[in-house]
Amino acid sequence: MPTVQHTVVDSPYEPLTLVAVDGVLSRIHMTGQRHRPPEETFGEPDPRPFGEAVRQLDAYFAGELTEFDLPLHLVGTPFQLRVWEELCRIPYGETRTYGELAEALGNPNASRAVGLANGKNPVGIVVPCHRVVGAGGSLTGYGGGLDRKQRLLALEAGAQAPAALF
């Protein structure tokens, strides 16, 4: 039987609940998030497995970290796992459309399936599903809410902005 633990950490986007399975980060939940499972599934409260995840999240929110390097325990279908892997290839400060992701996965007609898999991403922010936009760049579907998606994209855009010359 796996050991499941959780902790709640502050973020600029309201508290985040981090969940680990056998000491490895498996989920990040935002307040009011779609697809948020019942809290009974979060396991015992214990901050010990989350030190490095918290450090990297803090650095990301401070604009100092552009790529997470954390072991993850992801559970999903083979297609979902492929989509989540492809999400990690979207560079910091950039976006891709659902159609572009479907094409990168070798199935240009799978944009709806990509959207569904994107919406089931269990570790938002770390696996950057917020970097996926609708055709033409429109902000669409984010389990944490469009306001949070817009703020995450703005954070990344601001960190990418060139320094002022004067």
# chains A, B, ... in the order shown; residues from 1 in each chain; ligands from 1
>>> residues_around(residues="stretch 115-129 of chain A", least_positions_apart="6", cutoff="6 Å", atoms="only C-alpha atoms", output="PDB file with N, CA, C and O atoms, in the first residue's frame")
ATOM      1  N   ARG A  27       0.689  15.240  -7.214  1.00  0.00           N
ATOM      2  CA  ARG A  27      -0.409  16.158  -7.539  1.00  0.00           C
ATOM      3  C   ARG A  27      -0.170  17.516  -6.910  1.00  0.00           C
ATOM      4  O   ARG A  27       0.455  17.615  -5.850  1.00  0.00           O
ATOM      5  N   ILE A  28      -0.673  18.536  -7.584  1.00  0.00           N
ATOM      6  CA  ILE A  28      -0.741  19.886  -7.033  1.00  0.00           C
ATOM      7  C   ILE A  28      -2.170  20.349  -7.259  1.00  0.00           C
ATOM      8  O   ILE A  28      -2.662  20.312  -8.387  1.00  0.00           O
ATOM      9  N   GLN A  80      -2.506  10.290 -21.985  1.00  0.00           N
ATOM     10  CA  GLN A  80      -2.339  11.420 -21.060  1.00  0.00           C
ATOM     11  C   GLN A  80      -0.868  11.617 -20.720  1.00  0.00           C
ATOM     12  O   GLN A  80      -0.367  12.751 -20.723  1.00  0.00           O
ATOM     13  N   LEU A  87       3.814  18.644 -22.826  1.00  0.00           N
ATOM     14  CA  LEU A  87       3.648  19.937 -22.154  1.00  0.00           C
ATOM     15  C   LEU A  87       4.975  20.423 -21.586  1.00  0.00           C
ATOM     16  O   LEU A  87       5.280  21.619 -21.637  1.00  0.00           O
ATOM     17  N   CYS A  88       5.757  19.499 -21.072  1.00  0.00           N
ATOM     18  CA  CYS A  88       7.047  19.864 -20.470  1.00  0.00           C
ATOM     19  C   CYS A  88       8.050  20.344 -21.515  1.00  0.00           C
ATOM     20  O   CYS A  88       9.075  20.934 -21.154  1.00  0.00           O
TER      21      CYS A  88
END
>>> select_by_dssp(residues="stretch 5-166 of chain A", states="strand (DSSP E)", output="list of chain:residue names")
A:Gln5, A:His6, A:Thr7, A:Val8, A:Val9, A:Leu16, A:Thr17, A:Leu18, A:Val19, A:Ala20, A:Val21, A:Val24, A:Leu25, A:Ser26, A:Arg27, A:Ile28, A:His29, A:Met30, A:Glu44, A:Pro45, A:Arg96, A:Thr97, A:Val132, A:Val133
>>> select_by_dssp(residues="stretch 26-78 of chain A", states="helix (DSSP H, G or I)", output="list in words")
Glu39, Glu40, Thr41, Phe42, Arg48, Pro49, Phe50, Gly51, Glu52, Ala53, Val54, Arg55, Gln56, Leu57, Asp58, Ala59, Tyr60, Phe61 and Pro78 of chain A
>>> write_last_selection(atoms="N, CA and C atoms", output="PDB file, in the first residue's frame")
ATOM      1  N   GLU A  39     -10.564  15.622  -0.360  1.00  0.00           N
ATOM      2  CA  GLU A  39      -9.394  15.796   0.496  1.00  0.00           C
ATOM      3  C   GLU A  39      -9.001  14.517   1.225  1.00  0.00           C
ATOM      4  N   GLU A  40      -9.945  13.585   1.365  1.00  0.00           N
ATOM      5  CA  GLU A  40      -9.609  12.306   2.016  1.00  0.00           C
ATOM      6  C   GLU A  40      -8.541  11.551   1.235  1.00  0.00           C
ATOM      7  N   THR A  41      -8.365  11.872  -0.042  1.00  0.00           N
ATOM      8  CA  THR A  41      -7.369  11.174  -0.867  1.00  0.00           C
ATOM      9  C   THR A  41      -5.980  11.796  -0.750  1.00  0.00           C
ATOM     10  N   PHE A  42      -5.849  12.878   0.011  1.00  0.00           N
ATOM     11  CA  PHE A  42      -4.575  13.601   0.094  1.00  0.00           C
ATOM     12  C   PHE A  42      -3.592  12.960   1.071  1.00  0.00           C
ATOM     13  N   ARG A  48       7.531  16.910   5.067  1.00  0.00           N
ATOM     14  CA  ARG A  48       8.879  16.395   4.799  1.00  0.00           C
ATOM     15  C   ARG A  48       9.163  16.034   3.339  1.00  0.00           C
ATOM     16  N   PRO A  49       8.234  15.396   2.601  1.00  0.00           N
ATOM     17  CA  PRO A  49       8.591  15.016   1.226  1.00  0.00           C
ATOM     18  C   PRO A  49       8.636  16.186   0.232  1.00  0.00           C
ATOM     19  N   PHE A  50       8.314  17.385   0.675  1.00  0.00           N
ATOM     20  CA  PHE A  50       8.058  18.459  -0.279  1.00  0.00           C
ATOM     21  C   PHE A  50       9.098  19.584  -0.278  1.00  0.00           C
ATOM     22  N   GLY A  51      10.186  19.432   0.432  1.00  0.00           N
ATOM     23  CA  GLY A  51      11.166  20.510   0.540  1.00  0.00           C
ATOM     24  C   GLY A  51      11.651  21.028  -0.801  1.00  0.00           C
ATOM     25  N   GLU A  52      12.070  20.155  -1.678  1.00  0.00           N
ATOM     26  CA  GLU A  52      12.603  20.588  -2.977  1.00  0.00           C
ATOM     27  C   GLU A  52      11.498  21.134  -3.866  1.00  0.00           C
ATOM     28  N   ALA A  53      10.324  20.550  -3.827  1.00  0.00           N
ATOM     29  CA  ALA A  53       9.199  21.063  -4.629  1.00  0.00           C
ATOM     30  C   ALA A  53       8.835  22.479  -4.186  1.00  0.00           C
ATOM     31  N   VAL A  54       8.794  22.704  -2.886  1.00  0.00           N
ATOM     32  CA  VAL A  54       8.469  24.040  -2.372  1.00  0.00           C
ATOM     33  C   VAL A  54       9.553  25.026  -2.766  1.00  0.00           C
ATOM     34  N   ARG A  55      10.807  24.624  -2.657  1.00  0.00           N
ATOM     35  CA  ARG A  55      11.919  25.516  -3.036  1.00  0.00           C
ATOM     36  C   ARG A  55      11.803  25.907  -4.508  1.00  0.00           C
ATOM     37  N   GLN A  56      11.540  24.931  -5.386  1.00  0.00           N
ATOM     38  CA  GLN A  56      11.439  25.233  -6.812  1.00  0.00           C
ATOM     39  C   GLN A  56      10.193  26.059  -7.129  1.00  0.00           C
ATOM     40  N   LEU A  57       9.073  25.781  -6.479  1.00  0.00           N
ATOM     41  CA  LEU A  57       7.872  26.600  -6.706  1.00  0.00           C
ATOM     42  C   LEU A  57       8.118  28.044  -6.271  1.00  0.00           C
ATOM     43  N   ASP A  58       8.746  28.235  -5.116  1.00  0.00           N
ATOM     44  CA  ASP A  58       9.062  29.593  -4.656  1.00  0.00           C
ATOM     45  C   ASP A  58       9.951  30.312  -5.660  1.00  0.00           C
ATOM     46  N   ALA A  59      10.962  29.622  -6.173  1.00  0.00           N
ATOM     47  CA  ALA A  59      11.864  30.231  -7.160  1.00  0.00           C
ATOM     48  C   ALA A  59      11.116  30.545  -8.449  1.00  0.00           C
ATOM     49  N   TYR A  60      10.204  29.674  -8.859  1.00  0.00           N
ATOM     50  CA  TYR A  60       9.393  29.933 -10.062  1.00  0.00           C
ATOM     51  C   TYR A  60       8.550  31.188  -9.862  1.00  0.00           C
ATOM     52  N   PHE A  61       7.854  31.278  -8.744  1.00  0.00           N
ATOM     53  CA  PHE A  61       6.994  32.434  -8.494  1.00  0.00           C
ATOM     54  C   PHE A  61       7.798  33.728  -8.351  1.00  0.00           C
ATOM     55  N   PRO A  78      -1.840   6.005 -21.122  1.00  0.00           N
ATOM     56  CA  PRO A  78      -0.644   6.225 -21.946  1.00  0.00           C
ATOM     57  C   PRO A  78      -0.741   7.522 -22.763  1.00  0.00           C
TER      58      PRO A  78
END
>>> atom_distance(atom1="atom CA of A:Glu67", atom2="atom CA of A:Glu85")
13.4 Å
>>> closest_residue(among="A:Leu146, A:Ala135, A:Val4, A:Leu155", to="A:Gln33", atoms="only C-alpha atoms")
A:Leu146
>>> closest_residue(among="A:Pro2, A:Pro12, A:Glu44, A:Gly145", to="A:Gly63", atoms="only C-alpha atoms")
A:Pro12
>>> atom_distance(atom1="atom CA of A:Asn107", atom2="atom CA of A:Val83")
11.4 Å
>>> closest_residue(among="A:Val132, A:Ala62, A:Ala154, A:Leu105", to="A:Phe79", atoms="only C-alpha atoms")
A:Leu105
>>> closest_residue(among="A:Gly93, A:Pro47, A:Gly106, A:Gly76", to="A:Leu152", atoms="only C-alpha atoms")
A:Gly93
>>> closest_residue(among="A:Gly144, A:Glu64, A:Ala157, A:Pro91", to="A:Met30", atoms="only C-alpha atoms")
A:Gly144
>>> closest_residue(among="A:Leu70, A:Gly32, A:Ala110, A:Val19", to="A:Tyr142", atoms="only C-alpha atoms")
A:Gly32
>>> decode(residues="stretch 12-128 of chain A", atoms="C-alpha atoms", output="PDB file, in the first residue's frame")
ATOM      1  CA  PRO A  12       0.738  34.155  -5.132  1.00  0.00           C
ATOM      2  CA  TYR A  13      -2.233  32.207  -6.548  1.00  0.00           C
ATOM      3  CA  GLU A  14      -3.801  31.155  -3.235  1.00  0.00           C
ATOM      4  CA  PRO A  15      -2.708  28.099  -1.255  1.00  0.00           C
ATOM      5  CA  LEU A  16      -1.488  25.039  -3.145  1.00  0.00           C
ATOM      6  CA  THR A  17      -1.962  21.514  -1.834  1.00  0.00           C
ATOM      7  CA  LEU A  18       0.940  19.252  -2.752  1.00  0.00           C
ATOM      8  CA  VAL A  19       0.395  15.493  -2.615  1.00  0.00           C
ATOM      9  CA  ALA A  20       3.136  12.852  -2.681  1.00  0.00           C
ATOM     10  CA  VAL A  21       2.969   9.104  -3.202  1.00  0.00           C
ATOM     11  CA  ASP A  22       5.831   7.274  -1.538  1.00  0.00           C
ATOM     12  CA  GLY A  23       7.653  10.580  -1.124  1.00  0.00           C
ATOM     13  CA  VAL A  24       7.364  11.651  -4.794  1.00  0.00           C
ATOM     14  CA  LEU A  25       5.241  14.602  -5.913  1.00  0.00           C
ATOM     15  CA  SER A  26       2.125  13.311  -7.645  1.00  0.00           C
ATOM     16  CA  ARG A  27      -0.409  16.158  -7.539  1.00  0.00           C
ATOM     17  CA  ILE A  28      -0.741  19.886  -7.033  1.00  0.00           C
ATOM     18  CA  HIS A  29      -4.200  21.224  -6.296  1.00  0.00           C
ATOM     19  CA  MET A  30      -5.360  24.816  -6.368  1.00  0.00           C
ATOM     20  CA  THR A  31      -8.248  26.190  -4.353  1.00  0.00           C
ATOM     21  CA  GLY A  32     -11.465  25.789  -6.337  1.00  0.00           C
ATOM     22  CA  GLN A  33      -9.742  23.736  -9.045  1.00  0.00           C
ATOM     23  CA  ARG A  34     -11.779  21.620 -11.438  1.00  0.00           C
ATOM     24  CA  HIS A  35     -11.136  17.892 -11.098  1.00  0.00           C
ATOM     25  CA  ARG A  36      -9.945  18.378  -7.504  1.00  0.00           C
ATOM     26  CA  PRO A  37     -10.379  15.020  -5.755  1.00  0.00           C
ATOM     27  CA  PRO A  38     -11.797  14.737  -2.243  1.00  0.00           C
ATOM     28  CA  GLU A  39      -9.394  15.796   0.496  1.00  0.00           C
ATOM     29  CA  GLU A  40      -9.609  12.306   2.016  1.00  0.00           C
ATOM     30  CA  THR A  41      -7.369  11.174  -0.867  1.00  0.00           C
ATOM     31  CA  PHE A  42      -4.575  13.601   0.094  1.00  0.00           C
ATOM     32  CA  GLY A  43      -3.155  11.342   2.808  1.00  0.00           C
ATOM     33  CA  GLU A  44      -1.610  12.422   6.061  1.00  0.00           C
ATOM     34  CA  PRO A  45      -0.303  15.965   6.510  1.00  0.00           C
ATOM     35  CA  ASP A  46       3.494  15.877   6.442  1.00  0.00           C
ATOM     36  CA  PRO A  47       5.732  18.569   4.893  1.00  0.00           C
ATOM     37  CA  ARG A  48       8.879  16.395   4.799  1.00  0.00           C
ATOM     38  CA  PRO A  49       8.591  15.016   1.226  1.00  0.00           C
ATOM     39  CA  PHE A  50       8.058  18.459  -0.279  1.00  0.00           C
ATOM     40  CA  GLY A  51      11.166  20.510   0.540  1.00  0.00           C
ATOM     41  CA  GLU A  52      12.603  20.588  -2.977  1.00  0.00           C
ATOM     42  CA  ALA A  53       9.199  21.063  -4.629  1.00  0.00           C
ATOM     43  CA  VAL A  54       8.469  24.040  -2.372  1.00  0.00           C
ATOM     44  CA  ARG A  55      11.919  25.516  -3.036  1.00  0.00           C
ATOM     45  CA  GLN A  56      11.439  25.233  -6.812  1.00  0.00           C
ATOM     46  CA  LEU A  57       7.872  26.600  -6.706  1.00  0.00           C
ATOM     47  CA  ASP A  58       9.062  29.593  -4.656  1.00  0.00           C
ATOM     48  CA  ALA A  59      11.864  30.231  -7.160  1.00  0.00           C
ATOM     49  CA  TYR A  60       9.393  29.933 -10.062  1.00  0.00           C
ATOM     50  CA  PHE A  61       6.994  32.434  -8.494  1.00  0.00           C
ATOM     51  CA  ALA A  62       9.926  34.793  -7.868  1.00  0.00           C
ATOM     52  CA  GLY A  63      10.814  34.645 -11.581  1.00  0.00           C
ATOM     53  CA  GLU A  64      14.105  32.890 -10.837  1.00  0.00           C
ATOM     54  CA  LEU A  65      13.285  29.380 -12.125  1.00  0.00           C
ATOM     55  CA  THR A  66      12.210  28.636 -15.678  1.00  0.00           C
ATOM     56  CA  GLU A  67      12.299  24.835 -15.686  1.00  0.00           C
ATOM     57  CA  PHE A  68      11.330  22.439 -12.923  1.00  0.00           C
ATOM     58  CA  ASP A  69      13.575  19.488 -12.137  1.00  0.00           C
ATOM     59  CA  LEU A  70      11.547  17.264  -9.842  1.00  0.00           C
ATOM     60  CA  PRO A  71      10.814  13.565  -9.820  1.00  0.00           C
ATOM     61  CA  LEU A  72       7.094  13.059 -10.431  1.00  0.00           C
ATOM     62  CA  HIS A  73       4.739  10.167  -9.787  1.00  0.00           C
ATOM     63  CA  LEU A  74       2.159  10.647 -12.547  1.00  0.00           C
ATOM     64  CA  VAL A  75      -0.792   8.318 -13.016  1.00  0.00           C
ATOM     65  CA  GLY A  76      -2.749   8.478 -16.256  1.00  0.00           C
ATOM     66  CA  THR A  77      -3.504   6.721 -19.486  1.00  0.00           C
ATOM     67  CA  PRO A  78      -0.644   6.225 -21.946  1.00  0.00           C
ATOM     68  CA  PHE A  79      -2.079   9.075 -24.061  1.00  0.00           C
ATOM     69  CA  GLN A  80      -2.339  11.420 -21.060  1.00  0.00           C
ATOM     70  CA  LEU A  81       1.249  10.640 -20.093  1.00  0.00           C
ATOM     71  CA  ARG A  82       2.401  11.479 -23.645  1.00  0.00           C
ATOM     72  CA  VAL A  83       0.480  14.780 -23.556  1.00  0.00           C
ATOM     73  CA  TRP A  84       1.940  15.705 -20.156  1.00  0.00           C
ATOM     74  CA  GLU A  85       5.427  14.864 -21.416  1.00  0.00           C
ATOM     75  CA  GLU A  86       4.845  17.107 -24.441  1.00  0.00           C
ATOM     76  CA  LEU A  87       3.648  19.937 -22.154  1.00  0.00           C
ATOM     77  CA  CYS A  88       7.047  19.864 -20.470  1.00  0.00           C
ATOM     78  CA  ARG A  89       8.653  20.602 -23.843  1.00  0.00           C
ATOM     79  CA  ILE A  90       6.888  23.970 -24.160  1.00  0.00           C
ATOM     80  CA  PRO A  91       9.574  26.519 -23.273  1.00  0.00           C
ATOM     81  CA  TYR A  92       9.069  28.931 -20.410  1.00  0.00           C
ATOM     82  CA  GLY A  93       7.363  32.107 -21.591  1.00  0.00           C
ATOM     83  CA  GLU A  94       5.934  30.469 -24.733  1.00  0.00           C
ATOM     84  CA  THR A  95       2.571  28.947 -25.585  1.00  0.00           C
ATOM     85  CA  ARG A  96       1.284  26.246 -27.907  1.00  0.00           C
ATOM     86  CA  THR A  97      -2.207  25.570 -29.184  1.00  0.00           C
ATOM     87  CA  TYR A  98      -4.046  22.321 -28.628  1.00  0.00           C
ATOM     88  CA  GLY A  99      -3.690  21.687 -32.357  1.00  0.00           C
ATOM     89  CA  GLU A 100       0.072  22.220 -32.257  1.00  0.00           C
ATOM     90  CA  LEU A 101       0.359  19.740 -29.390  1.00  0.00           C
ATOM     91  CA  ALA A 102      -1.763  17.206 -31.274  1.00  0.00           C
ATOM     92  CA  GLU A 103       0.481  17.605 -34.294  1.00  0.00           C
ATOM     93  CA  ALA A 104       3.627  17.220 -32.163  1.00  0.00           C
ATOM     94  CA  LEU A 105       2.135  13.963 -30.853  1.00  0.00           C
ATOM     95  CA  GLY A 106       1.700  12.735 -34.415  1.00  0.00           C
ATOM     96  CA  ASN A 107      -2.089  13.032 -34.561  1.00  0.00           C
ATOM     97  CA  PRO A 108      -3.199  16.447 -35.881  1.00  0.00           C
ATOM     98  CA  ASN A 109      -6.873  15.481 -35.461  1.00  0.00           C
ATOM     99  CA  ALA A 110      -6.527  14.866 -31.703  1.00  0.00           C
ATOM    100  CA  SER A 111      -6.756  18.446 -30.442  1.00  0.00           C
ATOM    101  CA  ARG A 112      -9.909  17.700 -28.390  1.00  0.00           C
ATOM    102  CA  ALA A 113      -8.288  14.632 -26.840  1.00  0.00           C
ATOM    103  CA  VAL A 114      -5.217  16.753 -26.086  1.00  0.00           C
ATOM    104  CA  GLY A 115      -7.479  19.299 -24.394  1.00  0.00           C
ATOM    105  CA  LEU A 116      -9.073  16.618 -22.228  1.00  0.00           C
ATOM    106  CA  ALA A 117      -5.686  15.200 -21.235  1.00  0.00           C
ATOM    107  CA  ASN A 118      -4.400  18.710 -20.560  1.00  0.00           C
ATOM    108  CA  GLY A 119      -7.351  19.317 -18.245  1.00  0.00           C
ATOM    109  CA  LYS A 120      -6.534  16.168 -16.255  1.00  0.00           C
ATOM    110  CA  ASN A 121      -2.904  17.175 -15.649  1.00  0.00           C
ATOM    111  CA  PRO A 122      -2.352  16.356 -11.961  1.00  0.00           C
ATOM    112  CA  VAL A 123       0.631  18.668 -11.397  1.00  0.00           C
ATOM    113  CA  GLY A 124      -0.302  22.014 -12.875  1.00  0.00           C
ATOM    114  CA  ILE A 125       2.425  24.669 -12.895  1.00  0.00           C
ATOM    115  CA  VAL A 126       5.205  22.039 -12.745  1.00  0.00           C
ATOM    116  CA  VAL A 127       3.785  20.337 -15.852  1.00  0.00           C
ATOM    117  CA  PRO A 128       2.885  23.619 -17.561  1.00  0.00           C
TER     118      PRO A 128
END
